[in-house]
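This report concerns only the one structure given below.
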Amino acid sequence: MRVQRSVLTMVLLILLSYCVQPAEGKMLGGLTVKRTDRRVREIANAAARQIGGEYSLISIKKAKYQVVAGKLYHININLSKTGMSLVSKVVSCKVKILDPLTGGTPELKEFCCKMK
Ligand SMILES: *[C@@H]1O[C@H](CO)[C@@H](O)[C@H](O)[C@H]1NC(C)=O
């Protein structure tokens, strides 16, 4: 019983909040605020897909980017998570995703998601 409960707590913690933040000590340029246009929506969708196949984008807020080898976008997005339960859950994520100079597939660099 006790073991079950601690496993449940662990699962809940994982469900409630998870971050992937590789430690990188790079110097980056300043942030430029970007209005939500088609490319920002594409990038946000790419972030959702790379966070997990069970996520889909609901909304976008605060897109900014830094110029590196491309543009490193900082975006806040809401995603819906469909899983084993029929009720879809909303998670709110802060993501950093690189839009490469070549215009190819955006590459998710880090993300931090919380249940709403
Ligand atoms: C997510 O949705 C909530 C309301 O459901 C809203 O207040 C919030 O601004 C949204 N965040 C983003 C990143 O779109």
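Ligands are numbered from 1 in the order shown, chains are lettered A, B, ... in the order of the structure tokens, and residues start at 1 in each chain.
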
Name the residues, by chain letter and number, that sit within 8 Å of ligand 1 using only C-alpha atoms and all ligand atoms, and give them as a ChimeraX atom specification. /A:58-62,75-78,92-94,116

C-alpha atoms of the current selection, written as a PDB file, in the first residue's frame:
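part27.pdb, freshly written:
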```pdb
ATOM      1  CA  ILE A  58      -3.949  24.893 -28.376  1.00  0.00           C
ATOM      2  CA  SER A  59      -2.510  28.387 -28.146  1.00  0.00           C
ATOM      3  CA  ILE A  60       0.639  30.459 -28.355  1.00  0.00           C
ATOM      4  CA  LYS A  61       1.765  33.383 -26.302  1.00  0.00           C
ATOM      5  CA  LYS A  62       4.952  35.412 -26.115  1.00  0.00           C
ATOM      6  CA  ILE A  75       7.603  30.519 -26.909  1.00  0.00           C
ATOM      7  CA  ASN A  76       4.893  29.930 -24.337  1.00  0.00           C
ATOM      8  CA  ILE A  77       2.289  27.508 -25.657  1.00  0.00           C
ATOM      9  CA  ASN A  78      -0.719  25.617 -24.376  1.00  0.00           C
ATOM     10  CA  SER A  92       1.244  24.937 -20.399  1.00  0.00           C
ATOM     11  CA  CYS A  93       4.795  24.836 -21.755  1.00  0.00           C
ATOM     12  CA  LYS A  94       7.719  27.199 -22.126  1.00  0.00           C
ATOM     13  CA  LYS A 116      -3.009  23.744 -16.052  1.00  0.00           C
TER      14      LYS A 116
END
```

Just how far from atom CA of A:Gly53 is atom CA of A:Gly83, in Å to one decimal? 9.9 Å

Give me, as a list in words, all polymer residues having an atom no more than 6 Å from A:Gly70, counting only C-alpha atoms and skipping those fewer than 2 positions away in the same chain. Val67, Val68, Asp99, Pro100 and Leu101 of chain A

Hey, can you spit out that residue selection with C-alpha atoms as a short mmCIF file (atom, residue, chain, number, x, y, z; two decimals), in the first residue's frame?
```cif
data_model
loop_
_atom_site.label_atom_id
_atom_site.label_comp_id
_atom_site.auth_asym_id
_atom_site.auth_seq_id
_atom_site.Cartn_x
_atom_site.Cartn_y
_atom_site.Cartn_z
CA VAL A 67 19.80 34.99 -33.35
CA VAL A 68 22.27 32.11 -33.10
CA ASP A 99 14.55 27.69 -36.38
CA PRO A 100 17.61 26.92 -38.52
CA LEU A 101 18.92 29.41 -41.11
#
```

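A straight line drawn from atom CA of A:Thr102 to atom CA of A:Tyr55 is 26.3 Å long.
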
So which residues touch A:Leu31 within 9 Å, counting only C-alpha atoms, skipping near sequence neighbours fewer than 6 positions away, as a PyMOL selection string? chain A and resi 64-67+72-74

Could you tell me how far atom CA of A:Ala44 sits from atom CA of A:Lys96, in Å to one decimal place? 9.7 Å

Taking the backbone alone, and naming residues the way the document does, which bits of stretch 29-100 of chain A are helix (DSSP H, G or I) by DSSP, as JSON, numbers by chain? {"A": [38, 39, 40, 41, 42, 43, 44, 45, 46, 47, 48, 49, 50, 51]}

Output file for the residues above (C-alpha atoms, as a short mmCIF file (atom, residue, chain, number, x, y, z; two decimals), in the first residue's frame):
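Saved the output as selection.cif:
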```cif
data_model
loop_
_atom_site.label_atom_id
_atom_site.label_comp_id
_atom_site.auth_asym_id
_atom_site.auth_seq_id
_atom_site.Cartn_x
_atom_site.Cartn_y
_atom_site.Cartn_z
CA ARG A 38 2.58 31.41 -39.85
CA ARG A 39 6.23 30.49 -39.13
CA VAL A 40 5.72 30.94 -35.38
CA ARG A 41 2.68 28.63 -35.57
CA GLU A 42 4.73 26.06 -37.53
CA ILE A 43 7.49 26.29 -34.94
CA ALA A 44 5.03 25.94 -32.06
CA ASN A 45 3.50 22.87 -33.74
CA ALA A 46 6.96 21.38 -34.24
CA ALA A 47 7.65 21.96 -30.52
CA ALA A 48 4.40 20.20 -29.56
CA ARG A 49 5.23 17.22 -31.80
CA GLN A 50 8.74 16.96 -30.37
CA ILE A 51 7.47 17.18 -26.78
#
```
